[in-house]
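Q: The following block contains the structure, expressed as structure tokens.
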Amino acid sequence: CIKVGEYALKTIKEKFPEEYKNGIIVFRNINVDLPENRDMVIKYQARGSSLFLNAIRAGKDNIEEDITVWRLVSNEKQFINYFQDKLNKLLGK
């Protein structure tokens, strides 16, 4: 769980620095057990360790849980390559 978050944030910061800086890509690490995160948990239907992507198009949420990352967590390079490709597609690159 911790590695998935670390690798995701590393990918974003290293491969998409401008998009991250400009708020086009936002990374949030949310603890589902904290009451202040209740609305976010409900919105994403989050439970336990999860990685969600939300591509907002025309003002509408397009929420998707990515489960592939769990198979790649033992190989940082594969994870980063996969996640970079995933984000490129969401950004229309």
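Lettering and numbering for the structure tokens are positional, with chains as A, B, ... in the shown order, residues counted from 1 in each chain, and ligands counted from 1 in the shown order.
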What are the DSSP helix (DSSP H, G or I) residues of chain A, as a short mmCIF file (atom, residue, chain, number, x, y, z; two decimals) with N, CA and C atoms, in the first residue's frame?

A:
data_model
loop_
_atom_site.label_atom_id
_atom_site.label_comp_id
_atom_site.auth_asym_id
_atom_site.auth_seq_id
_atom_site.Cartn_x
_atom_site.Cartn_y
_atom_site.Cartn_z
N ILE A 2 1.85 1.28 0.87
CA ILE A 2 2.73 2.44 0.96
C ILE A 2 3.56 2.57 -0.32
N LYS A 3 4.05 1.45 -0.84
CA LYS A 3 4.86 1.46 -2.07
C LYS A 3 4.05 1.96 -3.25
N VAL A 4 2.80 1.56 -3.38
CA VAL A 4 1.96 2.01 -4.49
C VAL A 4 1.86 3.54 -4.46
N GLY A 5 1.61 4.09 -3.30
CA GLY A 5 1.54 5.55 -3.17
C GLY A 5 2.85 6.22 -3.48
N GLU A 6 3.96 5.64 -2.97
CA GLU A 6 5.28 6.21 -3.24
C GLU A 6 5.60 6.19 -4.72
N TYR A 7 5.36 5.06 -5.37
CA TYR A 7 5.66 4.94 -6.80
C TYR A 7 4.77 5.84 -7.64
N ALA A 8 3.50 5.93 -7.28
CA ALA A 8 2.58 6.79 -8.02
C ALA A 8 3.02 8.25 -7.93
N LEU A 9 3.33 8.71 -6.73
CA LEU A 9 3.77 10.09 -6.55
C LEU A 9 5.10 10.34 -7.25
N LYS A 10 6.02 9.38 -7.17
CA LYS A 10 7.31 9.51 -7.84
C LYS A 10 7.12 9.65 -9.35
N THR A 11 6.24 8.82 -9.92
CA THR A 11 5.95 8.89 -11.35
C THR A 11 5.42 10.26 -11.72
N ILE A 12 4.48 10.75 -10.96
CA ILE A 12 3.87 12.05 -11.23
C ILE A 12 4.91 13.16 -11.15
N LYS A 13 5.69 13.18 -10.09
CA LYS A 13 6.68 14.25 -9.91
C LYS A 13 7.78 14.22 -10.95
N GLU A 14 8.23 13.01 -11.33
CA GLU A 14 9.34 12.89 -12.26
C GLU A 14 8.91 12.99 -13.72
N LYS A 15 7.77 12.43 -14.06
CA LYS A 15 7.35 12.34 -15.46
C LYS A 15 6.36 13.44 -15.87
N PRO A 17 6.07 16.82 -14.18
CA PRO A 17 6.31 17.91 -13.21
C PRO A 17 5.47 19.16 -13.47
N GLU A 18 5.27 19.52 -14.73
CA GLU A 18 4.47 20.71 -15.05
C GLU A 18 3.00 20.50 -14.72
N GLU A 19 2.49 19.33 -15.09
CA GLU A 19 1.08 19.02 -14.81
C GLU A 19 0.82 18.97 -13.30
N TYR A 20 1.79 18.46 -12.55
CA TYR A 20 1.68 18.39 -11.09
C TYR A 20 1.74 19.80 -10.51
N LYS A 21 2.70 20.58 -10.98
CA LYS A 21 2.88 21.95 -10.48
C LYS A 21 1.65 22.81 -10.76
N PRO A 35 -12.50 10.27 9.96
CA PRO A 35 -13.82 10.85 9.70
C PRO A 35 -13.79 12.04 8.74
N GLU A 36 -12.72 12.81 8.74
CA GLU A 36 -12.64 13.98 7.86
C GLU A 36 -12.53 13.60 6.37
N ASN A 37 -12.27 12.32 6.10
CA ASN A 37 -12.18 11.85 4.72
C ASN A 37 -13.45 11.13 4.25
N ARG A 38 -14.48 11.18 5.06
CA ARG A 38 -15.72 10.44 4.78
C ARG A 38 -16.31 10.74 3.40
N ASP A 39 -16.39 12.03 3.04
CA ASP A 39 -16.97 12.40 1.75
C ASP A 39 -16.16 11.83 0.59
N MET A 40 -14.85 11.87 0.69
CA MET A 40 -13.99 11.33 -0.35
C MET A 40 -14.13 9.81 -0.44
N VAL A 41 -14.24 9.16 0.69
CA VAL A 41 -14.42 7.70 0.72
C VAL A 41 -15.72 7.32 0.03
N ILE A 42 -16.77 8.06 0.31
CA ILE A 42 -18.08 7.79 -0.31
C ILE A 42 -18.01 8.05 -1.81
N LYS A 43 -17.44 9.17 -2.19
CA LYS A 43 -17.35 9.54 -3.60
C LYS A 43 -16.64 8.47 -4.43
N TYR A 44 -15.53 7.96 -3.89
CA TYR A 44 -14.73 6.98 -4.62
C TYR A 44 -15.10 5.53 -4.27
N VAL A 69 -1.81 -1.98 -10.75
CA VAL A 69 -0.63 -1.52 -10.02
C VAL A 69 -0.19 -2.50 -8.94
N TRP A 70 -1.13 -3.27 -8.41
CA TRP A 70 -0.78 -4.20 -7.33
C TRP A 70 0.10 -5.33 -7.84
N ARG A 71 -0.06 -5.70 -9.11
CA ARG A 71 0.79 -6.74 -9.70
C ARG A 71 2.18 -6.22 -10.01
N LEU A 72 2.32 -4.90 -10.10
CA LEU A 72 3.59 -4.29 -10.50
C LEU A 72 4.37 -3.71 -9.33
N GLU A 76 9.63 -1.59 -9.45
CA GLU A 76 9.44 -0.15 -9.55
C GLU A 76 9.46 0.35 -11.00
N LYS A 77 10.39 -0.13 -11.80
CA LYS A 77 10.51 0.33 -13.18
C LYS A 77 9.25 -0.01 -13.99
N GLN A 78 8.76 -1.24 -13.84
CA GLN A 78 7.54 -1.63 -14.55
C GLN A 78 6.35 -0.81 -14.08
N PHE A 79 6.27 -0.59 -12.78
CA PHE A 79 5.19 0.22 -12.22
C PHE A 79 5.20 1.61 -12.85
N ILE A 80 6.36 2.25 -12.82
CA ILE A 80 6.48 3.62 -13.34
C ILE A 80 6.14 3.67 -14.83
N ASN A 81 6.64 2.72 -15.60
CA ASN A 81 6.33 2.69 -17.03
C ASN A 81 4.83 2.54 -17.27
N TYR A 82 4.21 1.61 -16.54
CA TYR A 82 2.78 1.38 -16.67
C TYR A 82 1.99 2.63 -16.27
N PHE A 83 2.32 3.20 -15.12
CA PHE A 83 1.56 4.33 -14.60
C PHE A 83 1.75 5.57 -15.47
N GLN A 84 2.95 5.76 -15.98
CA GLN A 84 3.21 6.87 -16.88
C GLN A 84 2.35 6.74 -18.14
N ASP A 85 2.29 5.54 -18.70
CA ASP A 85 1.47 5.30 -19.88
C ASP A 85 0.00 5.55 -19.59
N LYS A 86 -0.45 5.10 -18.44
CA LYS A 86 -1.85 5.28 -18.02
C LYS A 86 -2.18 6.77 -17.93
N LEU A 87 -1.30 7.55 -17.31
CA LEU A 87 -1.53 8.97 -17.15
C LEU A 87 -1.45 9.69 -18.50
N ASN A 88 -0.53 9.27 -19.36
CA ASN A 88 -0.46 9.86 -20.70
C ASN A 88 -1.77 9.69 -21.45
N LYS A 89 -2.35 8.51 -21.35
CA LYS A 89 -3.63 8.24 -22.03
C LYS A 89 -4.74 9.11 -21.45
N LEU A 90 -4.77 9.26 -20.14
CA LEU A 90 -5.79 10.10 -19.51
C LEU A 90 -5.63 11.57 -19.91
#

Q: Tell me, in Å to one decimal, how far CA of Ser50 (chain A) is from CA of Gly23 (chain A).

A: 21.6 Å

Q: In Å, rounded to a single decimal, give me how far CA of Ile25 (chain A) is from CA of Cys1 (chain A).

A: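 These atoms are spaced 20.2 Å apart.
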